[in-house]
file upload.cif (mmCIF, C-alpha atoms)
data_query
loop_
_atom_site.label_atom_id
_atom_site.label_comp_id
_atom_site.auth_asym_id
_atom_site.auth_seq_id
_atom_site.Cartn_x
_atom_site.Cartn_y
_atom_site.Cartn_z
CA MET A 64 22.36 -10.69 -80.90
CA ASN A 65 19.37 -9.25 -82.73
CA TYR A 66 16.45 -7.77 -80.89
CA GLU A 67 13.43 -6.31 -82.60
CA ASN A 68 10.54 -4.54 -80.95
CA THR A 69 8.51 -3.04 -83.75
CA GLN A 70 5.34 -3.13 -81.68
CA ASN A 71 6.72 -0.58 -79.22
CA LEU A 72 8.14 1.51 -82.06
CA SER A 73 4.76 1.53 -83.77
CA ARG A 74 3.04 2.53 -80.51
CA ASP A 75 5.59 5.30 -79.87
CA PHE A 76 5.10 6.76 -83.35
CA LEU A 77 1.33 6.69 -82.89
CA ASN A 78 1.84 8.65 -79.66
CA LEU A 79 4.00 11.11 -81.59
CA LEU A 80 1.13 11.61 -84.03
CA LYS A 81 -1.34 12.15 -81.19
CA ASN A 82 1.02 14.60 -79.44
CA THR A 83 0.42 17.94 -81.13
CA ASN A 84 3.02 19.90 -79.15
CA ASP A 85 5.89 19.44 -81.59
CA TYR A 86 4.24 19.35 -85.03
CA ASN A 87 5.46 21.37 -88.01
CA VAL A 88 2.84 20.43 -90.64
CA LYS A 89 -0.85 21.23 -90.66
CA ILE A 90 -2.80 19.17 -93.19
CA ILE A 91 -6.35 20.23 -94.04
CA VAL A 92 -8.31 17.48 -95.79
CA GLY A 93 -11.79 17.06 -97.20
CA LYS A 94 -14.46 19.40 -98.50
CA GLU A 95 -17.33 21.19 -96.79
CA PRO A 96 -19.14 20.02 -94.73
CA SER A 97 -16.53 17.36 -93.91
CA ILE A 98 -13.17 19.07 -93.34
CA LYS A 99 -10.61 18.00 -90.77
CA GLU A 100 -7.23 19.37 -89.76
CA PHE A 101 -4.36 17.01 -88.93
CA LYS A 102 -1.08 17.95 -87.28
CA ALA A 103 1.98 15.99 -88.31
CA HIS A 104 5.77 16.01 -88.59
CA SER A 105 7.45 16.69 -91.93
CA VAL A 106 10.38 14.36 -91.20
CA VAL A 107 8.02 11.40 -90.72
CA LEU A 108 5.85 12.24 -93.74
CA SER A 109 8.83 12.82 -96.04
CA SER A 110 10.66 9.68 -94.98
CA ARG A 111 7.60 7.45 -95.52
CA SER A 112 6.08 8.93 -98.69
CA LEU A 113 7.71 10.16 -101.90
CA TYR A 114 4.64 12.30 -102.47
CA PHE A 115 5.17 14.17 -99.20
CA GLN A 116 8.90 14.34 -99.83
CA LYS A 117 8.14 16.43 -102.92
CA ALA A 118 5.08 18.27 -101.63
CA LEU A 119 6.75 19.42 -98.41
CA SER A 120 9.97 20.56 -100.08
CA THR A 121 10.93 24.21 -99.70
CA GLN A 122 10.02 24.99 -103.31
CA TRP A 123 6.44 23.66 -102.99
CA ALA A 124 5.36 24.03 -99.37
CA ARG A 125 3.44 27.05 -98.09
CA ARG A 126 4.43 28.21 -94.61
CA GLU A 127 2.69 30.28 -91.96
CA ASN A 128 4.58 31.10 -88.75
CA GLY A 129 7.05 28.26 -89.33
CA ILE A 130 4.28 25.69 -89.91
CA ILE A 131 3.82 24.04 -93.29
CA ILE A 132 0.19 24.38 -94.41
CA PHE A 133 -0.92 21.63 -96.75
CA GLN A 134 -4.39 21.10 -98.23
CA LYS A 135 -5.84 17.88 -99.66
CA PRO A 136 -9.50 18.56 -100.48
CA ASN A 137 -9.86 15.47 -102.68
CA ILE A 138 -9.24 12.95 -99.87
CA SER A 139 -11.87 12.40 -97.18
CA PRO A 140 -10.87 12.88 -93.53
CA PHE A 141 -11.70 9.22 -92.74
CA VAL A 142 -9.45 7.92 -95.51
CA PHE A 143 -6.64 10.35 -94.73
CA GLU A 144 -6.67 9.42 -91.04
CA VAL A 145 -6.23 5.74 -91.93
CA LEU A 146 -3.30 6.57 -94.20
CA LEU A 147 -1.70 8.99 -91.76
CA LYS A 148 -1.78 6.33 -89.04
CA TYR A 149 -0.24 3.92 -91.52
CA ILE A 150 2.54 6.40 -92.31
CA TYR A 151 3.34 6.69 -88.60
CA THR A 152 2.89 3.07 -87.50
CA GLY A 153 3.16 0.83 -90.54
CA LYS A 154 -0.22 -0.64 -89.61
CA LEU A 155 -3.30 -0.40 -91.79
CA PHE A 156 -6.70 -0.47 -90.09
CA ILE A 157 -9.75 -0.04 -92.31
CA GLU A 158 -13.26 -0.15 -90.91
CA LYS A 159 -15.25 -1.30 -93.93
CA ASN A 160 -18.50 0.22 -92.74
CA LYS A 161 -16.89 3.69 -92.51
CA ILE A 162 -14.79 3.92 -95.67
CA SER A 163 -14.34 2.21 -98.99
CA PHE A 164 -11.30 0.09 -99.80
CA VAL A 165 -11.38 1.65 -103.27
CA ASP A 166 -11.15 5.17 -101.78
CA VAL A 167 -8.18 4.08 -99.66
CA PHE A 168 -6.56 2.50 -102.73
CA ILE A 169 -6.95 5.67 -104.82
CA ALA A 170 -5.66 7.95 -102.05
CA SER A 171 -2.72 5.58 -101.44
CA ASP A 172 -1.83 5.71 -105.10
CA GLU A 173 -1.90 9.52 -105.04
CA LEU A 174 0.23 9.68 -101.87
CA GLU A 175 2.64 7.14 -103.40
CA LEU A 176 2.14 4.60 -100.61
CA MET A 177 2.75 1.65 -102.87
CA GLU A 178 2.74 -1.01 -100.11
CA VAL A 179 -0.78 0.08 -99.17
CA CYS A 180 -1.87 0.00 -102.82
CA GLN A 181 -0.61 -3.56 -103.15
CA GLN A 182 -2.34 -4.72 -99.96
CA ILE A 183 -5.65 -3.10 -100.89
CA GLU A 184 -5.52 -4.31 -104.48
CA GLU A 185 -4.92 -7.89 -103.32
CA ARG A 186 -7.85 -7.60 -100.91
CA LEU A 187 -10.17 -6.24 -103.61
CA LEU A 188 -9.08 -8.83 -106.18
CA GLU A 189 -9.54 -11.75 -103.78
CA ASN A 190 -12.51 -10.69 -101.68
CA GLU A 191 -15.88 -9.78 -103.17
CA SER A 192 -17.18 -8.50 -99.84
CA ALA A 193 -14.48 -5.79 -99.79
CA TRP A 194 -16.39 -3.91 -102.50
CA LYS A 195 -19.12 -1.35 -101.79
CA LEU A 196 -21.23 -1.59 -104.88
CA PRO A 197 -22.37 0.31 -106.84
CA ILE A 198 -20.36 3.34 -105.69
CA ASP A 199 -16.99 1.54 -105.88
CA TYR A 200 -17.69 0.52 -109.47
CA ILE A 201 -18.44 4.11 -110.47
CA THR A 202 -15.36 5.36 -108.62
CA ILE A 203 -12.89 2.83 -110.01
CA CYS A 204 -14.17 3.38 -113.57
CA GLN A 205 -12.75 6.90 -113.38
CA TYR A 206 -9.26 5.40 -113.04
CA GLU A 207 -8.82 3.41 -116.23
CA ASN A 208 -5.14 2.67 -115.49
CA PHE A 209 -6.25 0.35 -112.64
CA THR A 210 -7.17 -2.33 -115.17
CA LYS A 211 -7.33 -5.33 -112.84
CA LEU A 212 -9.64 -3.54 -110.42
CA ASN A 213 -11.78 -2.25 -113.30
CA ASP A 214 -12.17 -5.79 -114.62
CA VAL A 215 -13.13 -7.18 -111.20
CA ALA A 216 -15.59 -4.35 -110.52
CA LEU A 217 -17.22 -4.84 -113.92
CA ALA A 218 -17.51 -8.60 -113.34
CA LEU A 219 -19.12 -8.04 -109.93
CA VAL A 220 -21.67 -5.57 -111.30
CA CYS A 221 -22.42 -7.89 -114.22
CA ARG A 222 -23.16 -10.72 -111.78
CA LYS A 223 -25.26 -8.46 -109.53
CA PRO A 224 -26.71 -5.87 -111.94
CA LEU A 225 -29.68 -4.92 -109.77
CA VAL A 226 -27.25 -3.46 -107.24
CA MET A 227 -26.42 -0.90 -109.91
CA PHE A 228 -29.68 -0.44 -111.78
CA GLU A 229 -31.84 -0.05 -108.67
CA SER A 230 -29.56 2.41 -106.90
CA LYS A 231 -29.60 6.21 -106.88
CA GLU A 232 -25.98 6.08 -108.05
CA PHE A 233 -27.18 4.69 -111.38
CA LEU A 234 -28.65 8.09 -112.24
CA ARG A 235 -25.34 9.89 -111.73
CA MET A 236 -23.25 7.38 -113.63
CA GLU A 237 -21.30 8.80 -116.58
CA GLU A 238 -22.52 7.63 -119.96
CA LYS A 239 -19.24 5.98 -121.01
CA TYR A 240 -19.22 3.77 -117.88
CA LEU A 241 -22.82 2.78 -118.47
CA ILE A 242 -21.99 1.90 -122.08
CA LYS A 243 -19.05 -0.20 -120.88
CA LEU A 244 -21.41 -2.08 -118.56
CA LEU A 245 -24.11 -2.55 -121.20
CA LYS A 246 -21.60 -3.83 -123.78
CA SER A 247 -20.39 -6.53 -121.45
CA ASP A 248 -21.34 -10.03 -122.59
CA ASP A 249 -21.45 -11.13 -118.96
CA LEU A 250 -24.25 -8.79 -117.86
CA GLU A 251 -26.79 -11.04 -116.13
CA LEU A 252 -29.91 -9.06 -116.92
CA GLU A 253 -32.48 -9.55 -119.67
CA GLU A 254 -32.48 -6.94 -122.41
CA ILE A 255 -36.09 -6.00 -121.73
CA LYS A 256 -35.24 -5.28 -118.10
CA ILE A 257 -32.25 -3.16 -119.14
CA TRP A 258 -34.53 -1.07 -121.37
CA GLU A 259 -37.00 -0.60 -118.53
CA TYR A 260 -34.24 0.81 -116.33
CA LEU A 261 -32.92 3.05 -119.09
CA ILE A 262 -36.30 4.60 -119.89
#
call {"tool": "encode", "arguments": {"input": "upload.cif", "output": "structure tokens"}}
result
Amino acid sequence: MNYENTQNLSRDFLNLLKNTNDYNVKIIVGKEPSIKEFKAHSVVLSSRSLYFQKALSTQWARRENGIIIFQKPNISPFVFEVLLKYIYTGKLFIEKNKISFVDVFIASDELELMEVCQQIEERLLENESAWKLPIDYITICQYENFTKLNDVALALVCRKPLVMFESKEFLRMEEKYLIKLLKSDDLELEEIKIWEYLI
């Protein structure tokens, strides 16, 4: 007889995450003014993520009063909370209006949560509305090894160029990413208009 009750297991692990009485890891994420502290359990983190398995090892981890102190300033608290809940429950809940799928993808890649990367990549490749343009285009351009996502982001911006050219983000875009966009044969914007935006 086989009996499986993963729903209860998932709920119980979420309760473990919420219960801060028995934690042994303190994770500080984000940058000022948006910093948040999470309390977690090294055994759960290490068993679910190769990244944490290495980062929380005795040779790398910093301890204070028996608690491992770990800092991740390059991941936003919103994104990290989604991934931490995934680590504990196996369930991925992303509120599109709060965080970017691209940010979750990049953080998942860094934390070596490959199942999450695959799910997010599929979503981004298949669903145009999953993208927050233009910011996601600028972000994904910085990760050239994500070639499929780079190609999709470029195609989306080429089809909707005003989203990029009329945004404040356009002004902070690195030159090489702008050149990549301008060299695209698929850019649906007249040359005269492009020059007006560039001047």
call {"tool": "residues_near_point", "arguments": {"input": "upload.cif", "point": "(-4.4, 19.2, -92.4)", "cutoff": "9 Å", "atoms": "all atoms listed in the file", "output": "PyMOL selection string"}}
result
chain A and resi 88-92+98-103+132-135
call {"tool": "atom_distance", "arguments": {"input": "upload.cif", "atom1": "CA of Gly129 in chain A", "atom2": "CA of Tyr86 in chain A"}}
result
10.3 Å
call {"tool": "atom_distance", "arguments": {"input": "upload.cif", "atom1": "CA of Asp166 in chain A", "atom2": "CA of Ile242 in chain A"}}
result
23.2 Å
call {"tool": "atom_distance", "arguments": {"input": "upload.cif", "atom1": "CA of Ala216 in chain A", "atom2": "CA of Leu155 in chain A"}}
result
22.7 Å
call {"tool": "resolve_selection", "arguments": {"input": "upload.cif", "expression": "the PyMOL selection byres ((chain A and resi 106) around 10)", "output": "compact mmCIF listing (two decimals) with C-alpha atoms, in the coordinates of the input"}}
result
# COMPACT_ATOMS: atom_id res chain seq x y z
CA ASN A 87 5.46 21.37 -88.01
CA VAL A 88 2.84 20.43 -90.64
CA ALA A 103 1.98 15.99 -88.31
CA HIS A 104 5.77 16.01 -88.59
CA SER A 105 7.45 16.69 -91.93
CA VAL A 107 8.02 11.40 -90.72
CA LEU A 108 5.85 12.24 -93.74
CA SER A 109 8.83 12.82 -96.04
CA SER A 110 10.66 9.68 -94.98
CA ARG A 111 7.60 7.45 -95.52
CA PHE A 115 5.17 14.17 -99.20
CA GLN A 116 8.90 14.34 -99.83
CA LEU A 119 6.75 19.42 -98.41
call {"tool": "resolve_selection", "arguments": {"input": "upload.cif", "expression": "the PyMOL selection byres ((chain A and resi 93-95) around 6)", "output": "list of chain:residue names"}}
result
A:Val92, A:Pro96, A:Ser97, A:Ile98, A:Pro136, A:Ile138, A:Ser139, A:Pro140
call {"tool": "residues_near_point", "arguments": {"input": "upload.cif", "point": "(4.9, 0.7, -86.7)", "cutoff": "6 Å", "atoms": "all atoms listed in the file", "output": "tab-separated table (two decimals) with C-alpha atoms, in the coordinates of the input"}}
result
chain	number	residue	atom	x	y	z
A	69	THR	CA	8.51	-3.04	-83.75
A	72	LEU	CA	8.14	1.51	-82.06
A	73	SER	CA	4.76	1.53	-83.77
A	152	THR	CA	2.89	3.07	-87.50
A	153	GLY	CA	3.16	0.83	-90.54
call {"tool": "closest_residue", "arguments": {"input": "upload.cif", "among": "A:Leu217, A:Phe228, A:Met236, A:Leu174", "to": "Ile201 in chain A", "atoms": "only C-alpha atoms"}}
result
A:Met236
call {"tool": "axis_aligned_box", "arguments": {"input": "upload.cif", "around": "range 163-172 of chain A", "padding_each_side": "8 Å", "output": "JSON"}}
result
{"center_x": -8.1, "center_y": 4.0, "center_z": -102.0, "size_x": 28.5, "size_y": 23.9, "size_z": 22.1}
call {"tool": "resolve_selection", "arguments": {"input": "upload.cif", "expression": "the PyMOL selection byres ((chain A and resi 191) around 12)", "output": "list of chain:residue names"}}
result
A:Phe164, A:Glu184, A:Glu185, A:Arg186, A:Leu187, A:Leu188, A:Glu189, A:Asn190, A:Ser192, A:Ala193, A:Trp194, A:Lys195, A:Leu196, A:Asp199, A:Leu212, A:Val215, A:Ala216, A:Leu217, A:Ala218, A:Leu219, A:Val220, A:Arg222, A:Lys223
call {"tool": "write_last_selection", "arguments": {"input": "upload.cif", "atoms": "C-alpha atoms", "output": "compact mmCIF listing (two decimals), keeping the file's coordinate frame"}}
result
# COMPACT_ATOMS: atom_id res chain seq x y z
CA PHE A 164 -11.30 0.09 -99.80
CA GLU A 184 -5.52 -4.31 -104.48
CA GLU A 185 -4.92 -7.89 -103.32
CA ARG A 186 -7.85 -7.60 -100.91
CA LEU A 187 -10.17 -6.24 -103.61
CA LEU A 188 -9.08 -8.83 -106.18
CA GLU A 189 -9.54 -11.75 -103.78
CA ASN A 190 -12.51 -10.69 -101.68
CA SER A 192 -17.18 -8.50 -99.84
CA ALA A 193 -14.48 -5.79 -99.79
CA TRP A 194 -16.39 -3.91 -102.50
CA LYS A 195 -19.12 -1.35 -101.79
CA LEU A 196 -21.23 -1.59 -104.88
CA ASP A 199 -16.99 1.54 -105.88
CA LEU A 212 -9.64 -3.54 -110.42
CA VAL A 215 -13.13 -7.18 -111.20
CA ALA A 216 -15.59 -4.35 -110.52
CA LEU A 217 -17.22 -4.84 -113.92
CA ALA A 218 -17.51 -8.60 -113.34
CA LEU A 219 -19.12 -8.04 -109.93
CA VAL A 220 -21.67 -5.57 -111.30
CA ARG A 222 -23.16 -10.72 -111.78
CA LYS A 223 -25.26 -8.46 -109.53
call {"tool": "closest_residue", "arguments": {"input": "upload.cif", "among": "A:Glu251, A:Glu175, A:Asp75, A:Asp214", "to": "Met227 in chain A", "atoms": "only C-alpha atoms"}}
result
A:Glu251
call {"tool": "closest_residue", "arguments": {"input": "upload.cif", "among": "A:Leu234, A:Ala170, A:Ile255, A:Cys180", "to": "Ile198 in chain A", "atoms": "all atoms listed in the file"}}
result
A:Leu234
call {"tool": "closest_residue", "arguments": {"input": "upload.cif", "among": "A:Tyr206, A:Trp258, A:Tyr151, A:Phe156", "to": "Gln182 in chain A", "atoms": "all atoms listed in the file"}}
result
A:Phe156
call {"tool": "closest_residue", "arguments": {"input": "upload.cif", "among": "A:Leu79, A:Ile131, A:Val226, A:Leu147", "to": "Leu176 in chain A", "atoms": "only C-alpha atoms"}}
result
A:Leu147
call {"tool": "closest_residue", "arguments": {"input": "upload.cif", "among": "A:Glu173, A:Val165, A:Asp249, A:Leu146", "to": "Asn213 in chain A", "atoms": "all atoms listed in the file"}}
result
A:Val165
call {"tool": "build_atoms", "arguments": {"input": "upload.cif", "residues": "range 144-156 of chain A", "atoms": "N, CA and C atoms", "output": "PDB file, in the frame of the given file"}}
result
ATOM      1  N   GLU A 144      -7.062   9.846 -92.397  1.00  0.00           N
ATOM      2  CA  GLU A 144      -6.670   9.420 -91.040  1.00  0.00           C
ATOM      3  C   GLU A 144      -6.106   8.002 -91.047  1.00  0.00           C
ATOM      4  N   VAL A 145      -6.731   7.117 -91.804  1.00  0.00           N
ATOM      5  CA  VAL A 145      -6.230   5.740 -91.930  1.00  0.00           C
ATOM      6  C   VAL A 145      -4.817   5.747 -92.497  1.00  0.00           C
ATOM      7  N   LEU A 146      -4.608   6.542 -93.551  1.00  0.00           N
ATOM      8  CA  LEU A 146      -3.300   6.570 -94.200  1.00  0.00           C
ATOM      9  C   LEU A 146      -2.244   7.271 -93.357  1.00  0.00           C
ATOM     10  N   LEU A 147      -2.645   8.301 -92.639  1.00  0.00           N
ATOM     11  CA  LEU A 147      -1.700   8.990 -91.760  1.00  0.00           C
ATOM     12  C   LEU A 147      -1.236   8.061 -90.637  1.00  0.00           C
ATOM     13  N   LYS A 148      -2.168   7.314 -90.072  1.00  0.00           N
ATOM     14  CA  LYS A 148      -1.780   6.330 -89.040  1.00  0.00           C
ATOM     15  C   LYS A 148      -0.866   5.265 -89.632  1.00  0.00           C
ATOM     16  N   TYR A 149      -1.126   4.885 -90.870  1.00  0.00           N
ATOM     17  CA  TYR A 149      -0.240   3.920 -91.520  1.00  0.00           C
ATOM     18  C   TYR A 149       1.167   4.508 -91.692  1.00  0.00           C
ATOM     19  N   ILE A 150       1.240   5.750 -92.127  1.00  0.00           N
ATOM     20  CA  ILE A 150       2.540   6.400 -92.310  1.00  0.00           C
ATOM     21  C   ILE A 150       3.330   6.383 -91.007  1.00  0.00           C
ATOM     22  N   TYR A 151       2.662   6.622 -89.897  1.00  0.00           N
ATOM     23  CA  TYR A 151       3.340   6.690 -88.600  1.00  0.00           C
ATOM     24  C   TYR A 151       3.632   5.310 -88.000  1.00  0.00           C
ATOM     25  N   THR A 152       2.755   4.348 -88.223  1.00  0.00           N
ATOM     26  CA  THR A 152       2.890   3.070 -87.500  1.00  0.00           C
ATOM     27  C   THR A 152       3.230   1.868 -88.374  1.00  0.00           C
ATOM     28  N   GLY A 153       2.978   1.979 -89.669  1.00  0.00           N
ATOM     29  CA  GLY A 153       3.160   0.830 -90.540  1.00  0.00           C
ATOM     30  C   GLY A 153       2.004  -0.152 -90.470  1.00  0.00           C
ATOM     31  N   LYS A 154       0.948   0.228 -89.755  1.00  0.00           N
ATOM     32  CA  LYS A 154      -0.220  -0.640 -89.610  1.00  0.00           C
ATOM     33  C   LYS A 154      -1.420  -0.016 -90.317  1.00  0.00           C
ATOM     34  N   LEU A 155      -2.154  -0.864 -91.012  1.00  0.00           N
ATOM     35  CA  LEU A 155      -3.300  -0.400 -91.790  1.00  0.00           C
ATOM     36  C   LEU A 155      -4.578  -0.960 -91.181  1.00  0.00           C
ATOM     37  N   PHE A 156      -5.416  -0.073 -90.677  1.00  0.00           N
ATOM     38  CA  PHE A 156      -6.700  -0.470 -90.090  1.00  0.00           C
ATOM     39  C   PHE A 156      -7.813   0.214 -90.863  1.00  0.00           C
TER      40      PHE A 156
END
